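The data block below is model_38.txt; it holds compact mmCIF, N, CA and C atoms.
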# COMPACT_ATOMS: atom_id res chain seq x y z
N MET A 574 7.98 170.08 81.76
CA MET A 574 6.99 169.75 82.78
C MET A 574 6.00 170.89 82.93
N ILE A 575 4.73 170.57 82.95
CA ILE A 575 3.68 171.57 83.10
C ILE A 575 3.45 171.82 84.59
N ILE A 576 3.42 173.08 84.97
CA ILE A 576 3.03 173.42 86.33
C ILE A 576 1.83 174.35 86.22
N LEU A 577 0.72 173.91 86.73
CA LEU A 577 -0.49 174.70 86.67
C LEU A 577 -0.53 175.69 87.83
N ASN A 578 -0.99 176.89 87.55
CA ASN A 578 -1.18 177.89 88.60
C ASN A 578 -2.62 177.81 89.09
N ASN A 579 -2.84 178.20 90.32
CA ASN A 579 -4.18 178.22 90.92
C ASN A 579 -4.80 176.84 91.06
N VAL A 580 -3.98 175.80 91.11
CA VAL A 580 -4.51 174.44 91.27
C VAL A 580 -5.17 174.32 92.64
N LYS A 581 -4.53 174.87 93.65
CA LYS A 581 -5.07 174.82 95.01
C LYS A 581 -6.48 175.39 95.06
N GLU A 582 -6.62 176.56 94.47
CA GLU A 582 -7.91 177.26 94.46
C GLU A 582 -8.98 176.42 93.75
N ALA A 583 -8.63 175.87 92.60
CA ALA A 583 -9.58 175.06 91.83
C ALA A 583 -9.97 173.79 92.60
N LEU A 584 -8.98 173.14 93.20
CA LEU A 584 -9.27 171.93 93.97
C LEU A 584 -10.13 172.24 95.18
N THR A 585 -9.88 173.36 95.82
CA THR A 585 -10.68 173.76 96.98
C THR A 585 -12.14 173.92 96.58
N ASN A 586 -12.39 174.42 95.38
CA ASN A 586 -13.76 174.58 94.90
C ASN A 586 -14.39 173.26 94.49
N ASP A 587 -13.60 172.32 93.97
CA ASP A 587 -14.15 171.08 93.41
C ASP A 587 -14.22 169.92 94.38
N ILE A 588 -13.40 169.94 95.43
CA ILE A 588 -13.42 168.85 96.40
C ILE A 588 -14.35 169.24 97.54
N LYS A 589 -15.27 168.33 97.84
CA LYS A 589 -16.30 168.64 98.83
C LYS A 589 -15.73 168.82 100.24
N LYS A 590 -14.85 167.94 100.67
CA LYS A 590 -14.35 168.02 102.04
C LYS A 590 -12.85 167.74 102.05
N ILE A 591 -12.06 168.75 102.37
CA ILE A 591 -10.61 168.60 102.41
C ILE A 591 -10.17 168.62 103.87
N VAL A 592 -9.45 167.58 104.27
CA VAL A 592 -8.93 167.52 105.63
C VAL A 592 -7.43 167.75 105.54
N GLY A 593 -6.96 168.87 106.07
CA GLY A 593 -5.54 169.21 106.00
C GLY A 593 -5.30 170.30 104.96
N ASN A 594 -4.03 170.63 104.77
CA ASN A 594 -3.65 171.65 103.80
C ASN A 594 -3.18 171.01 102.51
N LEU A 595 -3.59 171.60 101.39
CA LEU A 595 -3.17 171.08 100.09
C LEU A 595 -1.68 171.36 99.88
N LYS A 596 -1.04 170.49 99.11
CA LYS A 596 0.38 170.67 98.78
C LYS A 596 0.54 171.86 97.84
N ASN A 597 1.78 172.16 97.43
CA ASN A 597 1.98 173.29 96.52
C ASN A 597 1.55 172.92 95.10
N ASP A 598 1.42 173.95 94.25
CA ASP A 598 0.90 173.76 92.89
C ASP A 598 1.72 172.76 92.08
N GLU A 599 3.03 172.77 92.24
CA GLU A 599 3.89 171.85 91.48
C GLU A 599 3.59 170.40 91.86
N GLN A 600 3.52 170.13 93.16
CA GLN A 600 3.22 168.78 93.62
C GLN A 600 1.82 168.35 93.22
N LEU A 601 0.87 169.26 93.33
CA LEU A 601 -0.52 168.95 92.97
C LEU A 601 -0.63 168.62 91.49
N THR A 602 0.08 169.37 90.65
CA THR A 602 0.06 169.12 89.21
C THR A 602 0.58 167.72 88.91
N GLU A 603 1.67 167.32 89.55
CA GLU A 603 2.24 165.99 89.34
C GLU A 603 1.27 164.88 89.76
N ILE A 604 0.61 165.07 90.90
CA ILE A 604 -0.34 164.07 91.39
C ILE A 604 -1.52 163.95 90.43
N LEU A 605 -2.05 165.09 89.99
CA LEU A 605 -3.18 165.06 89.06
C LEU A 605 -2.81 164.40 87.74
N LYS A 606 -1.59 164.69 87.27
CA LYS A 606 -1.11 164.12 86.02
C LYS A 606 -1.05 162.58 86.12
N ARG A 607 -0.66 162.11 87.29
CA ARG A 607 -0.52 160.67 87.52
C ARG A 607 -1.88 159.99 87.75
N LYS A 608 -2.79 160.66 88.42
CA LYS A 608 -4.05 160.03 88.83
C LYS A 608 -5.19 160.16 87.83
N LEU A 609 -5.15 161.19 86.99
CA LEU A 609 -6.22 161.40 86.02
C LEU A 609 -5.81 160.86 84.65
N THR A 610 -6.80 160.54 83.83
CA THR A 610 -6.48 160.14 82.45
C THR A 610 -6.01 161.39 81.70
N LYS A 611 -5.46 161.20 80.52
CA LYS A 611 -4.96 162.34 79.74
C LYS A 611 -6.07 163.34 79.45
N LYS A 612 -7.24 162.85 79.07
CA LYS A 612 -8.36 163.75 78.75
C LYS A 612 -8.86 164.47 80.01
N GLU A 613 -8.93 163.74 81.13
CA GLU A 613 -9.37 164.37 82.38
C GLU A 613 -8.39 165.45 82.81
N PHE A 614 -7.09 165.16 82.69
CA PHE A 614 -6.07 166.13 83.07
C PHE A 614 -6.15 167.36 82.17
N LYS A 615 -6.30 167.12 80.87
CA LYS A 615 -6.39 168.22 79.91
C LYS A 615 -7.64 169.07 80.20
N TYR A 616 -8.76 168.39 80.50
CA TYR A 616 -9.99 169.11 80.87
C TYR A 616 -9.73 170.01 82.07
N TYR A 617 -9.11 169.44 83.10
CA TYR A 617 -8.89 170.20 84.35
C TYR A 617 -7.92 171.36 84.12
N LYS A 618 -6.90 171.11 83.31
CA LYS A 618 -5.93 172.16 82.98
C LYS A 618 -6.63 173.32 82.27
N LEU A 619 -7.43 173.00 81.27
CA LEU A 619 -8.15 174.03 80.52
C LEU A 619 -9.17 174.76 81.41
N LYS A 620 -9.79 174.03 82.33
CA LYS A 620 -10.75 174.63 83.25
C LYS A 620 -10.06 175.63 84.15
N ILE A 621 -8.90 175.25 84.69
CA ILE A 621 -8.15 176.13 85.58
C ILE A 621 -7.69 177.39 84.85
N GLU A 622 -7.37 177.22 83.56
CA GLU A 622 -6.92 178.37 82.76
C GLU A 622 -8.07 179.32 82.42
N GLY A 623 -9.30 178.93 82.79
CA GLY A 623 -10.44 179.82 82.62
C GLY A 623 -11.14 179.74 81.26
N ASN A 624 -10.92 178.66 80.53
CA ASN A 624 -11.60 178.49 79.24
C ASN A 624 -13.07 178.14 79.46
N ASP A 625 -13.93 178.55 78.53
CA ASP A 625 -15.33 178.19 78.66
C ASP A 625 -15.55 176.75 78.17
N GLU A 626 -16.69 176.20 78.52
CA GLU A 626 -16.95 174.78 78.26
C GLU A 626 -16.92 174.41 76.78
N SER A 627 -17.42 175.28 75.92
CA SER A 627 -17.42 174.95 74.49
C SER A 627 -15.99 174.88 73.95
N LYS A 628 -15.12 175.77 74.43
CA LYS A 628 -13.71 175.76 74.01
C LYS A 628 -13.03 174.49 74.52
N ILE A 629 -13.30 174.11 75.76
CA ILE A 629 -12.70 172.90 76.33
C ILE A 629 -13.15 171.67 75.54
N ALA A 630 -14.45 171.57 75.24
CA ALA A 630 -14.97 170.44 74.48
C ALA A 630 -14.31 170.36 73.10
N GLU A 631 -14.09 171.52 72.50
CA GLU A 631 -13.44 171.58 71.19
C GLU A 631 -11.99 171.08 71.29
N GLU A 632 -11.29 171.52 72.33
CA GLU A 632 -9.89 171.10 72.55
C GLU A 632 -9.79 169.59 72.79
N LEU A 633 -10.79 169.04 73.47
CA LEU A 633 -10.79 167.61 73.79
C LEU A 633 -11.33 166.76 72.63
N HIS A 634 -11.78 167.43 71.58
CA HIS A 634 -12.33 166.74 70.41
C HIS A 634 -13.48 165.81 70.80
N CYS A 635 -14.44 166.33 71.54
CA CYS A 635 -15.56 165.49 71.94
C CYS A 635 -16.87 166.25 71.83
N ASN A 636 -17.97 165.50 71.78
CA ASN A 636 -19.28 166.13 71.73
C ASN A 636 -19.74 166.51 73.14
N LYS A 637 -20.89 167.14 73.24
CA LYS A 637 -21.38 167.64 74.52
C LYS A 637 -21.57 166.53 75.55
N ASP A 638 -22.13 165.39 75.13
CA ASP A 638 -22.36 164.28 76.05
C ASP A 638 -21.04 163.74 76.61
N ARG A 639 -20.08 163.53 75.75
CA ARG A 639 -18.77 163.01 76.17
C ARG A 639 -18.08 164.03 77.08
N PHE A 640 -18.22 165.31 76.75
CA PHE A 640 -17.63 166.36 77.58
C PHE A 640 -18.20 166.32 79.00
N GLU A 641 -19.53 166.20 79.10
CA GLU A 641 -20.17 166.14 80.42
C GLU A 641 -19.69 164.92 81.21
N GLU A 642 -19.49 163.80 80.50
CA GLU A 642 -18.98 162.57 81.12
C GLU A 642 -17.58 162.80 81.70
N ILE A 643 -16.70 163.41 80.90
CA ILE A 643 -15.33 163.68 81.34
C ILE A 643 -15.34 164.62 82.54
N LYS A 644 -16.15 165.65 82.47
CA LYS A 644 -16.27 166.64 83.54
C LYS A 644 -16.71 165.97 84.85
N LYS A 645 -17.78 165.17 84.74
CA LYS A 645 -18.33 164.48 85.92
C LYS A 645 -17.32 163.49 86.50
N GLN A 646 -16.69 162.70 85.64
CA GLN A 646 -15.73 161.69 86.08
C GLN A 646 -14.53 162.34 86.78
N THR A 647 -14.07 163.46 86.27
CA THR A 647 -12.93 164.16 86.87
C THR A 647 -13.26 164.59 88.29
N ILE A 648 -14.43 165.18 88.48
CA ILE A 648 -14.84 165.65 89.81
C ILE A 648 -15.01 164.47 90.76
N VAL A 649 -15.58 163.37 90.27
CA VAL A 649 -15.76 162.17 91.09
C VAL A 649 -14.39 161.66 91.55
N LYS A 650 -13.43 161.59 90.61
CA LYS A 650 -12.09 161.11 90.96
C LYS A 650 -11.43 162.01 92.00
N LEU A 651 -11.57 163.32 91.83
CA LEU A 651 -10.94 164.25 92.77
C LEU A 651 -11.50 164.10 94.17
N ASN A 652 -12.72 163.61 94.29
CA ASN A 652 -13.36 163.45 95.59
C ASN A 652 -13.16 162.07 96.21
N GLN A 653 -12.39 161.20 95.55
CA GLN A 653 -12.10 159.89 96.12
C GLN A 653 -11.09 160.06 97.26
N GLU A 654 -11.33 159.33 98.34
CA GLU A 654 -10.49 159.48 99.53
C GLU A 654 -9.01 159.23 99.26
N LYS A 655 -8.70 158.19 98.48
CA LYS A 655 -7.27 157.87 98.27
C LYS A 655 -6.56 158.98 97.51
N ILE A 656 -7.26 159.65 96.59
CA ILE A 656 -6.63 160.77 95.86
C ILE A 656 -6.55 161.98 96.77
N LYS A 657 -7.60 162.24 97.55
CA LYS A 657 -7.58 163.39 98.47
C LYS A 657 -6.42 163.28 99.46
N LYS A 658 -6.15 162.06 99.94
CA LYS A 658 -5.06 161.86 100.88
C LYS A 658 -3.71 162.23 100.27
N GLU A 659 -3.54 161.95 98.97
CA GLU A 659 -2.29 162.29 98.30
C GLU A 659 -2.13 163.78 98.08
N LEU A 660 -3.25 164.49 97.96
CA LEU A 660 -3.20 165.92 97.66
C LEU A 660 -2.88 166.80 98.87
N VAL A 661 -3.03 166.24 100.09
CA VAL A 661 -2.80 167.07 101.28
C VAL A 661 -1.50 166.69 102.00
N ASN A 662 -0.98 167.68 102.73
CA ASN A 662 0.16 167.42 103.61
C ASN A 662 -0.40 166.91 104.92
N LEU A 663 0.10 165.81 105.39
CA LEU A 663 -0.39 165.26 106.67
C LEU A 663 0.56 165.59 107.79

Please lay out the structure from this file as structure tokens.
Amino acid sequence: MIILNNVKEALTNDIKKIVGNLKNDEQLTEILKRKLTKKEFKYYKLKIEGNDESKIAEELHCNKDRFEEIKKQTIVKLNQEKIKKELVNL
């Protein structure tokens, strides 16, 4: 099982409005794995690890346009209310 470090920090930067406290990194990783597609999850994992965009695009085996699409879609998904509700402790 993959547990990403600094997930909280990354989500805090990428989600526009968070109501409540985010869960721990292990729980957040599981939720992201379930809610994002494989490519979106891999993109986010590589982003959190601090890779630059060209390296991420290479890892995802996609061109620049497709990479931008994946990047945009991931951020849009993270900002959906139903996913945000799962990411926080109520």

Counting only N, CA and C atoms, what is within 6 Å of range 577-583 of chain A, bar same-chain residues fewer than 4 positions away, as a list in words?
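Once the nearby chain positions are removed, what remains is Asp587, Ile588, Asp598 and Thr602 of chain A.
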
Quick one: DSSP alpha helix (DSSP H) residues in chain A, as an MDAnalysis selection string?
chainID A and resid 580:587 598:608 611:621 626:632 637:651 654:660

Have a look at CA of Arg639 in chain A and CA of Lys658 in chain A and let me know their distance in Å, one decimal.
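Pair CA of Arg639 in chain A / CA of Lys658 in chain A returns 28.3 Å.
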
Find the distance between CA of Lys590 in chain A and CA of Ile629 in chain A and write it in Å to one decimal.
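For CA of Lys590 in chain A relative to CA of Ile629 in chain A, the distance reads 26.2 Å.
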
Which residues are near Val592 in chain A? Cut-off 8 Å, all atoms listed in the file, ignore same chain within fewer than 3 positions. Put them as number ranges by chain.
A: 589, 595, 657-658, 661-663

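Each of A:Ile591, A:Leu584, A:Ala630, A:Leu601 was checked against Leu660 in chain A using only C-alpha atoms; the smallest atom-to-atom distance is that of A:Leu601.
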
Of the candidates A:Arg607, A:Tyr616, A:Thr585, A:Lys644, which shows the shortest atom-to-atom distance to Glu632 in chain A, using all atoms listed in the file?
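Result for the nearest residue to Glu632 in chain A: A:Tyr616.
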
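From CA of His634 in chain A back to atom C of Asn597 in chain A, the distance works out to 29.0 Å.
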
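Among the candidates A:Lys615, A:Cys635, A:Lys628, A:Ile621, the one nearest to Asn586 in chain A when counting only C-alpha atoms is A:Ile621.
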
Going by DSSP on the backbone, which residues of chain A come out as strand (DSSP E or B)? List them as a PyMOL selection string.
chain A and resi 594-595+661-662
